There are 4 protein chains.
Amino acid sequence: MIKVGIVGGAGYAGVELLRILARHPAVRLTAITSRDEVGLKVSDLFPSLRGRVELNFVAPEDDSFKSCDVVFFATPNGIAMNQAAGLLAAGARVIDLAADFRIRDVAEWEKWYGMTHAAPELVAEAVYGLPEVNREQIRTARVLANPGCYPTAVQLGFLPLLEAGVIECGHLIADAKSGVSGAGRRADVANLYTEATDSFKAYAVGGHRHLPEIRQGLSRMMGGAEIGLTFVPHLTPMIRGIHATLYARLTRDIDGKALQDLFESRFSGEAFVDVLPAGNHPETRSVRASNMCRIAVHRPQGGDTVVVLSVIDNLVKGAAGQAVQNMNIMFGQEETLGLDMLPVSP
Amino acid sequence: MIKVGIVGGAGYAGVELLRILARHPAVRLTAITSRDEVGLKVSDLFPSLRGRVELNFVAPEDDSFKSCDVVFFATPNGIAMNQAAGLLAAGARVIDLAADFRIRDVAEWEKWYGMTHAAPELVAEAVYGLPEVNREQIRTARVLANPGCYPTAVQLGFLPLLEAGVIECGHLIADAKSGVSGAGRRADVANLYTEATDSFKAYAVGGHRHLPEIRQGLSRMMGGAEIGLTFVPHLTPMIRGIHATLYARLTRDIDGKALQDLFESRFSGEAFVDVLPAGNHPETRSVRASNMCRIAVHRPQGGDTVVVLSVIDNLVKGAAGQAVQNMNIMFGQEETLGLDMLPVSP
Amino acid sequence: MIKVGIVGGAGYAGVELLRILARHPAVRLTAITSRDEVGLKVSDLFPSLRGRVELNFVAPEDDSFKSCDVVFFATPNGIAMNQAAGLLAAGARVIDLAADFRIRDVAEWEKWYGMTHAAPELVAEAVYGLPEVNREQIRTARVLANPGCYPTAVQLGFLPLLEAGVIECGHLIADAKSGVSGAGRRADVANLYTEATDSFKAYAVGGHRHLPEIRQGLSRMMGGAEIGLTFVPHLTPMIRGIHATLYARLTRDIDGKALQDLFESRFSGEAFVDVLPAGNHPETRSVRASNMCRIAVHRPQGGDTVVVLSVIDNLVKGAAGQAVQNMNIMFGQEETLGLDMLPVSP
Amino acid sequence: MIKVGIVGGAGYAGVELLRILARHPAVRLTAITSRDEVGLKVSDLFPSLRGRVELNFVAPEDDSFKSCDVVFFATPNGIAMNQAAGLLAAGARVIDLAADFRIRDVAEWEKWYGMTHAAPELVAEAVYGLPEVNREQIRTARVLANPGCYPTAVQLGFLPLLEAGVIECGHLIADAKSGVSGAGRRADVANLYTEATDSFKAYAVGGHRHLPEIRQGLSRMMGGAEIGLTFVPHLTPMIRGIHATLYARLTRDIDGKALQDLFESRFSGEAFVDVLPAGNHPETRSVRASNMCRIAVHRPQGGDTVVVLSVIDNLVKGAAGQAVQNMNIMFGQEETLGLDMLPVSP
């Protein structure tokens, strides 16, 4: 059994880890923290877990973490970088669901995240956990940087096109829409029901922190080539889900059938990426509460602009589910273990 | 392996059965019908099932049903009563998620459902499948009448009070609120997103078909005593969930602690009924997509009116989940088998 | 022109007052406060008001209030009671949308609101502003206590029955459902979109502050007789709207037609109360963003329990709209002036 | 008083026309049809109109239309083209909210709409009713083609950039998101609450009927130059609102300040277009139930891609409100008459 600790268990990524791990046949939940809730029974905070999770919240310094095989950080940015070294020294591996280890260029990270990095040496060591791109390196990772939600949906959508070299990469556009759970479980007027429902808006058009992460990921797919990307995130009134609509200009004439084949063959064998038949449009609810990414590729009106539609559940494939998928790989388990839940629809 | 057939697989109860049964370790999905979709791949209609359910819809007459051990009817009322005898003759058992076998008084059934009953002899044989009341009879049932969604939430909430004989049963009130999936997957202007969202209404105050079913169930708990019940259903803008708020007058002074004990001891050992600590209020999302019923009991201001709050997911404990729970009991399986999914929250 | 000030203009009742008053032909908006937003342009906080409201937020001490004819308090409880006397002295009249002047029994108020009342003498003077009950006293009020949202819906629903003396008043039940805007525009995890949407719950079953207000109002209708009331509020995932479902036992046999007549004749001539034809069920959206209350009365199954359905928009008839209706009465204007907006549906 | 008839009053554009016109001081509602509802009181179908609209639905052949000064068609496509000539002959002017008269190239129209045009001569005469572009021609129009919802939001957003000639017009992108009311009030499984809520999807990526309308409008702004446009509509779970996110490549270096000035000066004096200050992001709810269009322009990361955000209420500025704005212009009224309702927020 893999002994698992969770730091930051009172947020949405934390409770989603619990929902998944409580049923995971190879995991023993060992310790969970929440700064604000020490001593509280986890299921008192989250009644959905009553009868299924018996832990109480402890402090991050609690001894129980020392015996963990792996510790998930479902914390705000800037926490994991301070605690990872200690856990590694105690023999645990670290999976960070926040952004501390995602950007290899530390100066770039510090610019976007507005703090000094506490563990740049671990950034160098860390493995970026997008299994469909990086599976081999993930197996042996000690520090795993779990991708962001938008970056997961956008990278998987562009992946076949970039690897095949069929699109201009200087002017990519990612128009992405997220459910409100992406904003986390924090008291904030802007995310009140009354403010967020029955409305739609873009935000952070000037620059969102996921921009450098996506740009870095897309660039790697091109062997380090420079990527031009306009990334516009939007907030849509739903709990879970990201829908990325991606636009690129084709550099050569490739017909719809060949585009479809490109996607199907690239993701053939991937358990968590499903390429829809030509002409389809994935709905976010078709992946709700599951670890699936569903993708469709279109070439409207036969023009030279290709449109990719890519949907995930931001809390699963975009956070907790992908983290468990990475854990499975790191610990030599079946990649799908504990991740067999079907999407909830309706 | 239990060979399972589903009649009426294109509605919400049907797709929820598929979500549950596709992961059930003791089940082999064998046949599924939809009058309108014969030949279509099930997962073409419900993309959430892609990669998990490989069946195509067949006609109800299809031979594949003959080899089934059990057939679920997730159909409109009036279908199962015509097909059950044939299936029984072929050796299958029948679980009807519709209302055909719920009301023992056939004349009463015919009055509320507006049709002549095609199989009154099976009504006499049928077992009402509320396991928390009827578990022993369910084990050997050939024809199982799966309870309605409102009746499940309301009966479980009143159960400890009626069995203990502490409330007046001539003037019970059940003020119940349902998510929109209760109306089914039928094209209907009243259930359009634009009509049902951001609004709240009562309906069928004059008389709802679940009234006689609830009345019959409550009466049985009292050994057949007459029950007076005002039942007011409401439509609330959410997908899944029923919240029943129940009111009754106490016939003797029973303090809050004793009321709480009454509920806890009655449901002790029940895997799918969770009595919340005193003072709590269950939210429907705490059971979303799971087979749980959560209940709280209150005695406001120390008066003689007791208030019970009872929540279920109408598609799971109120339909497909309870049907699978019944199947497990009927086939000697662990009652919770395949029903271990945690609620999805947020 | 009536010179109007608003204290507490950054909440939902405040912005709704602005939406209404910006179009009111007899009003000049003169001053508006928000403790946290002094100096900010109102329309920078509420872009929906751009081009329509040109004021900036000022401090409550601002001189501009001295010249006001009337000051609305759209503040938390406990603010108006401290500022009202000063404004009265300066010649303004006061309309309090909070609870400071609603309960005549000061000790009772202090128990429910957990503070010492700062102006008990004004409580004695204050007029409770439910025009359908109290219109004459409202005309000359200096201090007007605008009713709460639940109390408005519940009192209007019970009014004809109590006045006619046809129901038992010892065991009334009000099962009420509110949209989330009733919780105000405050950062609070419980009211985040992700927490409040796609879910339904009761709250404060043990005792809600509107209980004594409703009880007092119902008692007055009975000439001071004691009222027994069980009041259970619920939160439903919609922005605006209250749906009160009211239950009472008839004390004499009164047929459906007579019940209907009772309601129609009681509210005949009321501009803002609409009695639906027999058999109807009002939806909250049928009054959305308007000052209407719509009511239907039922006697299910011909039994002795009467059921009343009463819907309002909690921010309009339940707050800002009713406050403007009261202002119109107090200043000798047509009661409907500035309140002619039709419900927004869909 | 302008005598107004409405053909097709049982859909969402129809009921929205009624909401607006019932308060319009220069209008007398004279006749309204609905094929399916002849004889029914309008307010029986739409309780939100009780007490405000006293008409009954009549047949389209009803004599009352003959006396109308203007007839609005809030019908499916293909109705107005058959009835317009008769009404013109009787002296009425026609405002078509459907698409019959929007596309000047009749062959193109027939290709996209799949029917033969019944009145090509009226297409030639018809005026496209986007007042911010076409105000002068609208004054004298006998047949007015009211723009589609997407086309309104997209054209107003691109307008300043195209007129100024600062963007490449061969590869424009319009990523547009619509509330569900855009699909109309028709029974359709895909638009059930349970199907459309808590989910997000693109649709018609291969080609949407608004594509040729937008392309024609943008081309006119460029004096007829060819336009390359990728238009991807999406469905978002809200009742009303369109959010268009527009992307174009700048053809010359124009800084953020100059871009902002370009938009502000172009729309200066327009009552219904509001350019937000630099850096803002309009929310659809800031225009809910009003005739406003709010626009913001961004140049992310100082790159050569300009991003425009344009929001409208699809039923008001995208349908009924713009139709009334056009009627005001056509009949020499103040353009804002009857359109002074403030957005409803929250």
# chains A, B, ... in the order shown; residues from 1 in each chain; ligands from 1

$ residues_around --residues "A:Gly279" --least-positions-apart "3" --cutoff "9 Å" --atoms "only C-alpha atoms" --output "ChimeraX atom specification"
/A:276,296-298 /D:204-206

$ residues_around --residues "C:Pro147" --least-positions-apart "3" --cutoff "9 Å" --atoms "only C-alpha atoms" --output "number ranges by chain"
C: 96-99, 102, 128-130, 150-152, 213, 318-319, 322-323

$ write_last_selection --atoms "C-alpha atoms" --output "PDB file, in the first residue's frame"
ATOM      1  CA  ASP C  96     -34.747  51.137   7.062  1.00  0.00           C
ATOM      2  CA  LEU C  97     -34.421  48.040   4.888  1.00  0.00           C
ATOM      3  CA  ALA C  98     -32.705  46.242   7.772  1.00  0.00           C
ATOM      4  CA  ALA C  99     -34.413  44.950  10.896  1.00  0.00           C
ATOM      5  CA  ARG C 102     -39.323  45.912  12.800  1.00  0.00           C
ATOM      6  CA  TYR C 128     -44.094  48.617   9.744  1.00  0.00           C
ATOM      7  CA  GLY C 129     -44.154  49.094   6.008  1.00  0.00           C
ATOM      8  CA  LEU C 130     -46.355  46.398   4.571  1.00  0.00           C
ATOM      9  CA  TYR C 150     -39.466  36.103   3.984  1.00  0.00           C
ATOM     10  CA  PRO C 151     -41.925  38.065   6.159  1.00  0.00           C
ATOM     11  CA  THR C 152     -43.352  39.815   3.105  1.00  0.00           C
ATOM     12  CA  GLU C 213     -41.122  39.327  12.700  1.00  0.00           C
ATOM     13  CA  GLY C 318     -38.856  41.828  -0.474  1.00  0.00           C
ATOM     14  CA  ALA C 319     -36.545  44.861  -0.146  1.00  0.00           C
ATOM     15  CA  GLN C 322     -41.266  47.715  -1.364  1.00  0.00           C
ATOM     16  CA  ALA C 323     -39.098  50.475   0.134  1.00  0.00           C
TER      17      ALA C 323
END

$ residues_around --residues "stretch 31-44 of chain C" --least-positions-apart "6" --cutoff "7 Å" --atoms "only C-alpha atoms" --output "ChimeraX atom specification"
/C:4-10,50,53,55-60,64-65

$ write_last_selection --atoms "N, CA and C atoms" --output "short mmCIF file (atom, residue, chain, number, x, y, z; two decimals), in the first residue's frame"
data_model
loop_
_atom_site.label_atom_id
_atom_site.label_comp_id
_atom_site.auth_asym_id
_atom_site.auth_seq_id
_atom_site.Cartn_x
_atom_site.Cartn_y
_atom_site.Cartn_z
N VAL C 4 -33.07 62.07 -2.30
CA VAL C 4 -32.90 60.76 -1.69
C VAL C 4 -31.44 60.49 -1.36
N GLY C 5 -31.22 59.99 -0.13
CA GLY C 5 -29.90 59.48 0.24
C GLY C 5 -29.99 57.98 0.49
N ILE C 6 -28.87 57.31 0.26
CA ILE C 6 -28.81 55.87 0.51
C ILE C 6 -27.59 55.60 1.37
N VAL C 7 -27.80 54.97 2.52
CA VAL C 7 -26.68 54.54 3.35
C VAL C 7 -26.51 53.05 3.11
N GLY C 8 -25.29 52.67 2.70
CA GLY C 8 -25.03 51.25 2.45
C GLY C 8 -25.35 50.88 1.02
N GLY C 9 -24.74 51.58 0.11
CA GLY C 9 -25.11 51.41 -1.29
C GLY C 9 -24.32 50.34 -2.01
N ALA C 10 -23.48 49.60 -1.30
CA ALA C 10 -22.63 48.62 -2.00
C ALA C 10 -23.14 47.19 -1.88
N ARG C 50 -23.39 52.08 -15.34
CA ARG C 50 -22.62 53.04 -16.15
C ARG C 50 -23.55 53.88 -17.02
N VAL C 53 -26.00 56.24 -13.32
CA VAL C 53 -25.82 56.78 -11.97
C VAL C 53 -24.44 57.42 -11.92
N LEU C 55 -23.15 59.28 -9.31
CA LEU C 55 -22.65 59.59 -7.97
C LEU C 55 -21.36 58.84 -7.64
N ASN C 56 -20.62 59.42 -6.69
CA ASN C 56 -19.51 58.72 -6.04
C ASN C 56 -19.93 58.36 -4.62
N PHE C 57 -19.38 57.29 -4.09
CA PHE C 57 -19.66 56.95 -2.69
C PHE C 57 -19.03 57.99 -1.77
N VAL C 58 -19.79 58.40 -0.74
CA VAL C 58 -19.27 59.32 0.27
C VAL C 58 -19.35 58.63 1.64
N ALA C 59 -18.80 59.29 2.65
CA ALA C 59 -18.90 58.77 4.01
C ALA C 59 -20.28 59.11 4.58
N PRO C 60 -20.74 58.33 5.57
CA PRO C 60 -22.07 58.57 6.14
C PRO C 60 -22.20 59.97 6.76
N SER C 64 -24.00 66.10 2.43
CA SER C 64 -25.06 65.97 1.44
C SER C 64 -26.30 65.29 2.01
N PHE C 65 -26.12 64.48 3.05
CA PHE C 65 -27.29 63.81 3.63
C PHE C 65 -28.23 64.79 4.33
#

$ closest_atom_pairs --of "chain D" --to "chain A" --cutoff "8 Å" --atoms "only C-alpha atoms" --output "tab-separated table"
residue	atom	partner	partner_atom	distance
D:Asp175	CA	A:Asp175	CA	7.4
D:Thr194	CA	A:Pro346	CA	6.1
D:Glu195	CA	A:Pro346	CA	6.6
D:Thr197	CA	A:Met238	CA	7.4
D:Asp198	CA	A:Met238	CA	4.4
D:Ser199	CA	A:Arg285	CA	5.1
D:Phe200	CA	A:Thr284	CA	5.5
D:Lys201	CA	A:Glu283	CA	4.6
D:Ala202	CA	A:His281	CA	6.0
D:Tyr203	CA	A:His281	CA	6.2
D:Val205	CA	A:Pro300	CA	6.2
D:Gly206	CA	A:Pro300	CA	4.6
D:Gly207	CA	A:Pro300	CA	6.6
D:Thr230	CA	A:Pro300	CA	7.2
D:Thr236	CA	A:Thr236	CA	6.9
D:Pro237	CA	A:Pro237	CA	6.2
D:Met238	CA	A:Asp198	CA	4.4
D:Ile239	CA	A:Asp198	CA	6.4
D:Arg240	CA	A:Asp198	CA	7.6
D:Gly241	CA	A:Ser199	CA	7.3
D:His243	CA	A:Phe200	CA	6.8
D:Gly279	CA	A:Gly206	CA	7.5
D:His281	CA	A:Ala202	CA	6.0
D:Pro282	CA	A:Lys201	CA	6.2
D:Glu283	CA	A:Lys201	CA	4.6
D:Thr284	CA	A:Ser199	CA	5.2
D:Arg285	CA	A:Ser199	CA	5.1
D:His298	CA	A:Gly206	CA	7.1
D:Arg299	CA	A:Gly206	CA	7.2
D:Pro300	CA	A:Gly206	CA	4.6
D:Gln301	CA	A:Gly206	CA	6.1
D:Thr305	CA	A:Thr230	CA	7.4
D:Leu309	CA	A:Ala202	CA	7.7
D:Pro346	CA	A:Thr194	CA	6.1

$ write_last_selection --atoms "C-alpha atoms" --output "PDB file, in the first residue's frame"
ATOM      1  CA  ASP D 175     -15.141  32.987 -30.658  1.00  0.00           C
ATOM      2  CA  THR D 194     -30.603  18.790 -17.527  1.00  0.00           C
ATOM      3  CA  GLU D 195     -28.700  18.805 -20.809  1.00  0.00           C
ATOM      4  CA  THR D 197     -26.768  23.361 -17.418  1.00  0.00           C
ATOM      5  CA  ASP D 198     -23.391  22.848 -15.774  1.00  0.00           C
ATOM      6  CA  SER D 199     -21.796  22.188 -19.152  1.00  0.00           C
ATOM      7  CA  PHE D 200     -20.187  24.056 -22.031  1.00  0.00           C
ATOM      8  CA  LYS D 201     -19.793  23.172 -25.680  1.00  0.00           C
ATOM      9  CA  ALA D 202     -19.071  24.540 -29.109  1.00  0.00           C
ATOM     10  CA  TYR D 203     -21.523  23.810 -31.907  1.00  0.00           C
ATOM     11  CA  VAL D 205     -18.044  24.749 -35.978  1.00  0.00           C
ATOM     12  CA  GLY D 206     -18.332  23.583 -39.560  1.00  0.00           C
ATOM     13  CA  GLY D 207     -20.642  26.476 -40.448  1.00  0.00           C
ATOM     14  CA  THR D 230     -13.553  31.818 -38.544  1.00  0.00           C
ATOM     15  CA  THR D 236     -22.973  28.513 -22.159  1.00  0.00           C
ATOM     16  CA  PRO D 237     -25.301  27.769 -19.244  1.00  0.00           C
ATOM     17  CA  MET D 238     -27.001  31.098 -18.789  1.00  0.00           C
ATOM     18  CA  ILE D 239     -30.385  32.374 -19.923  1.00  0.00           C
ATOM     19  CA  ARG D 240     -29.414  35.549 -21.744  1.00  0.00           C
ATOM     20  CA  GLY D 241     -26.246  37.063 -23.023  1.00  0.00           C
ATOM     21  CA  HIS D 243     -19.977  37.292 -25.182  1.00  0.00           C
ATOM     22  CA  GLY D 279      -8.028  46.968 -18.894  1.00  0.00           C
ATOM     23  CA  HIS D 281     -13.543  42.904 -18.997  1.00  0.00           C
ATOM     24  CA  PRO D 282     -17.290  43.252 -19.593  1.00  0.00           C
ATOM     25  CA  GLU D 283     -19.584  40.662 -18.024  1.00  0.00           C
ATOM     26  CA  THR D 284     -22.767  39.666 -19.817  1.00  0.00           C
ATOM     27  CA  ARG D 285     -24.774  40.372 -16.677  1.00  0.00           C
ATOM     28  CA  HIS D 298      -7.007  44.674 -25.310  1.00  0.00           C
ATOM     29  CA  ARG D 299      -3.573  44.112 -26.802  1.00  0.00           C
ATOM     30  CA  PRO D 300      -2.208  41.266 -24.671  1.00  0.00           C
ATOM     31  CA  GLN D 301       1.478  41.302 -23.833  1.00  0.00           C
ATOM     32  CA  THR D 305      -2.861  40.424 -31.779  1.00  0.00           C
ATOM     33  CA  LEU D 309     -14.582  41.657 -25.856  1.00  0.00           C
ATOM     34  CA  PRO D 346     -27.426  40.702  -9.718  1.00  0.00           C
TER      35      PRO D 346
END

$ select_by_dssp --residues "stretch 90-179 of chain C" --states "strand (DSSP E or B)" --output "number ranges by chain"
C: 93-96, 127-128, 143-145, 167, 172-178

$ closest_residue --among "D:Ala271, D:Cys293, D:Val127, D:Ala80" --to "D:Ala141" --atoms "only C-alpha atoms"
D:Val127

$ residues_around --residues "D:Met221" --least-positions-apart "3" --cutoff "10 Å" --atoms "only C-alpha atoms" --output "NGL selection string"
:D and (133 or 155 or 158-165 or 216-218 or 224-225)

$ write_last_selection --atoms "N, CA and C atoms" --output "mmCIF file, in the first residue's frame"
data_model
loop_
_atom_site.group_PDB
_atom_site.id
_atom_site.type_symbol
_atom_site.label_atom_id
_atom_site.label_comp_id
_atom_site.auth_asym_id
_atom_site.auth_seq_id
_atom_site.Cartn_x
_atom_site.Cartn_y
_atom_site.Cartn_z
ATOM 1 N N VAL D 133 -24.330 51.612 -37.629
ATOM 2 C CA VAL D 133 -23.697 51.618 -38.947
ATOM 3 C C VAL D 133 -24.601 52.299 -39.969
ATOM 4 N N GLN D 155 -20.152 42.361 -35.040
ATOM 5 C CA GLN D 155 -19.939 43.527 -35.905
ATOM 6 C C GLN D 155 -19.576 44.770 -35.099
ATOM 7 N N PHE D 158 -15.853 44.529 -34.058
ATOM 8 C CA PHE D 158 -14.828 44.714 -35.097
ATOM 9 C C PHE D 158 -14.895 46.101 -35.750
ATOM 10 N N LEU D 159 -16.065 46.755 -35.621
ATOM 11 C CA LEU D 159 -16.341 47.974 -36.398
ATOM 12 C C LEU D 159 -15.216 49.023 -36.367
ATOM 13 N N PRO D 160 -14.779 49.478 -35.184
ATOM 14 C CA PRO D 160 -13.760 50.535 -35.192
ATOM 15 C C PRO D 160 -12.451 50.085 -35.841
ATOM 16 N N LEU D 161 -12.095 48.829 -35.659
ATOM 17 C CA LEU D 161 -10.831 48.336 -36.206
ATOM 18 C C LEU D 161 -10.883 48.255 -37.724
ATOM 19 N N LEU D 162 -12.011 47.800 -38.249
ATOM 20 C CA LEU D 162 -12.126 47.665 -39.700
ATOM 21 C C LEU D 162 -12.225 49.030 -40.377
ATOM 22 N N GLU D 163 -13.058 49.901 -39.813
ATOM 23 C CA GLU D 163 -13.180 51.239 -40.420
ATOM 24 C C GLU D 163 -11.847 51.971 -40.419
ATOM 25 N N ALA D 164 -11.057 51.732 -39.360
ATOM 26 C CA ALA D 164 -9.761 52.412 -39.283
ATOM 27 C C ALA D 164 -8.700 51.699 -40.115
ATOM 28 N N GLY D 165 -9.017 50.510 -40.578
ATOM 29 C CA GLY D 165 -8.083 49.783 -41.433
ATOM 30 C C GLY D 165 -6.794 49.359 -40.751
ATOM 31 N N GLN D 216 -20.828 39.488 -44.462
ATOM 32 C CA GLN D 216 -21.381 40.564 -45.281
ATOM 33 C C GLN D 216 -21.268 41.909 -44.563
ATOM 34 N N GLY D 217 -21.588 41.900 -43.271
ATOM 35 C CA GLY D 217 -21.547 43.154 -42.520
ATOM 36 C C GLY D 217 -20.135 43.698 -42.391
ATOM 37 N N LEU D 218 -19.196 42.815 -42.106
ATOM 38 C CA LEU D 218 -17.806 43.264 -41.964
ATOM 39 C C LEU D 218 -17.258 43.752 -43.301
ATOM 40 N N GLY D 224 -16.646 46.702 -49.049
ATOM 41 C CA GLY D 224 -16.876 45.547 -49.916
ATOM 42 C C GLY D 224 -15.680 44.607 -50.030
ATOM 43 N N ALA D 225 -14.604 44.902 -49.328
ATOM 44 C CA ALA D 225 -13.418 44.032 -49.386
ATOM 45 C C ALA D 225 -13.770 42.637 -48.866
#

$ closest_residue --among "C:Met327, C:Val273, C:Met222, C:Val316" --to "C:Asp69" --atoms "only C-alpha atoms"
C:Met327

$ atom_distance --atom1 "atom CA of B:Phe73" --atom2 "atom CA of B:Pro343"
25.0 Å

$ select_by_dssp --residues "stretch 41-104 of chain C" --states "alpha helix (DSSP H)" --output "PyMOL selection string"
chain C and resi 42-45+80-89

$ write_last_selection --atoms "C-alpha atoms" --output "PDB file, in the first residue's frame"
ATOM      1  CA  VAL C  42     -20.711  53.935  -7.961  1.00  0.00           C
ATOM      2  CA  SER C  43     -20.700  52.733 -11.551  1.00  0.00           C
ATOM      3  CA  ASP C  44     -17.098  51.559 -11.227  1.00  0.00           C
ATOM      4  CA  LEU C  45     -18.321  49.085  -8.628  1.00  0.00           C
ATOM      5  CA  ALA C  80     -29.904  52.654  11.172  1.00  0.00           C
ATOM      6  CA  MET C  81     -30.752  52.702  14.873  1.00  0.00           C
ATOM      7  CA  ASN C  82     -27.625  54.783  15.484  1.00  0.00           C
ATOM      8  CA  GLN C  83     -28.077  57.278  12.675  1.00  0.00           C
ATOM      9  CA  ALA C  84     -31.811  57.717  12.402  1.00  0.00           C
ATOM     10  CA  ALA C  85     -32.262  60.290  15.168  1.00  0.00           C
ATOM     11  CA  GLY C  86     -29.708  62.648  13.622  1.00  0.00           C
ATOM     12  CA  LEU C  87     -31.344  62.455  10.235  1.00  0.00           C
ATOM     13  CA  LEU C  88     -34.808  63.008  11.670  1.00  0.00           C
ATOM     14  CA  ALA C  89     -33.486  66.055  13.476  1.00  0.00           C
TER      15      ALA C  89
END

$ residues_around --residues "C:His24" --least-positions-apart "4" --cutoff "9 Å" --atoms "only C-alpha atoms" --output "list in words"
Ile20, Arg28, Leu337, Gly338 and Leu339 of chain C

$ write_last_selection --atoms "C-alpha atoms" --output "compact mmCIF listing (two decimals), in the first residue's frame"
# COMPACT_ATOMS: atom_id res chain seq x y z
CA ILE C 20 -35.14 51.54 -9.46
CA ARG C 28 -33.21 63.08 -7.30
CA LEU C 337 -44.51 55.44 -9.57
CA GLY C 338 -41.14 54.21 -10.80
CA LEU C 339 -42.21 50.63 -10.15

$ closest_residue --among "C:Lys3, C:Ala258, C:Ile95, C:Val71" --to "C:Pro25" --atoms "only C-alpha atoms"
C:Lys3

$ atom_distance --atom1 "atom CA of B:Glu54" --atom2 "atom CA of B:Arg19"
12.5 Å

$ decode --residues "stretch 62-98 of chain C" --atoms "C-alpha atoms" --output "PDB file, in the first residue's frame"
ATOM      1  CA  ASP C  62     -21.172  63.671   4.438  1.00  0.00           C
ATOM      2  CA  ASP C  63     -23.066  66.959   4.467  1.00  0.00           C
ATOM      3  CA  SER C  64     -25.062  65.966   1.440  1.00  0.00           C
ATOM      4  CA  PHE C  65     -27.289  63.813   3.627  1.00  0.00           C
ATOM      5  CA  LYS C  66     -28.488  66.852   5.550  1.00  0.00           C
ATOM      6  CA  SER C  67     -30.482  68.083   2.610  1.00  0.00           C
ATOM      7  CA  CYS C  68     -32.158  64.758   1.894  1.00  0.00           C
ATOM      8  CA  ASP C  69     -35.925  64.373   2.208  1.00  0.00           C
ATOM      9  CA  VAL C  70     -35.591  60.673   2.828  1.00  0.00           C
ATOM     10  CA  VAL C  71     -32.702  58.359   3.613  1.00  0.00           C
ATOM     11  CA  PHE C  72     -32.801  54.638   2.852  1.00  0.00           C
ATOM     12  CA  PHE C  73     -30.693  52.327   5.001  1.00  0.00           C
ATOM     13  CA  ALA C  74     -29.593  49.327   2.975  1.00  0.00           C
ATOM     14  CA  THR C  75     -27.147  48.388   5.705  1.00  0.00           C
ATOM     15  CA  PRO C  76     -26.526  45.465   8.040  1.00  0.00           C
ATOM     16  CA  ASN C  77     -28.692  45.378  11.160  1.00  0.00           C
ATOM     17  CA  GLY C  78     -27.685  47.826  13.872  1.00  0.00           C
ATOM     18  CA  ILE C  79     -26.659  50.771  11.704  1.00  0.00           C
ATOM     19  CA  ALA C  80     -29.904  52.654  11.172  1.00  0.00           C
ATOM     20  CA  MET C  81     -30.752  52.702  14.873  1.00  0.00           C
ATOM     21  CA  ASN C  82     -27.625  54.783  15.484  1.00  0.00           C
ATOM     22  CA  GLN C  83     -28.077  57.278  12.675  1.00  0.00           C
ATOM     23  CA  ALA C  84     -31.811  57.717  12.402  1.00  0.00           C
ATOM     24  CA  ALA C  85     -32.262  60.290  15.168  1.00  0.00           C
ATOM     25  CA  GLY C  86     -29.708  62.648  13.622  1.00  0.00           C
ATOM     26  CA  LEU C  87     -31.344  62.455  10.235  1.00  0.00           C
ATOM     27  CA  LEU C  88     -34.808  63.008  11.670  1.00  0.00           C
ATOM     28  CA  ALA C  89     -33.486  66.055  13.476  1.00  0.00           C
ATOM     29  CA  ALA C  90     -32.151  67.358  10.173  1.00  0.00           C
ATOM     30  CA  GLY C  91     -35.610  66.961   8.691  1.00  0.00           C
ATOM     31  CA  ALA C  92     -35.236  63.746   6.740  1.00  0.00           C
ATOM     32  CA  ARG C  93     -37.477  60.720   6.970  1.00  0.00           C
ATOM     33  CA  VAL C  94     -35.918  57.307   7.329  1.00  0.00           C
ATOM     34  CA  ILE C  95     -36.685  54.021   5.569  1.00  0.00           C
ATOM     35  CA  ASP C  96     -34.747  51.137   7.062  1.00  0.00           C
ATOM     36  CA  LEU C  97     -34.421  48.040   4.888  1.00  0.00           C
ATOM     37  CA  ALA C  98     -32.705  46.242   7.772  1.00  0.00           C
TER      38      ALA C  98
END
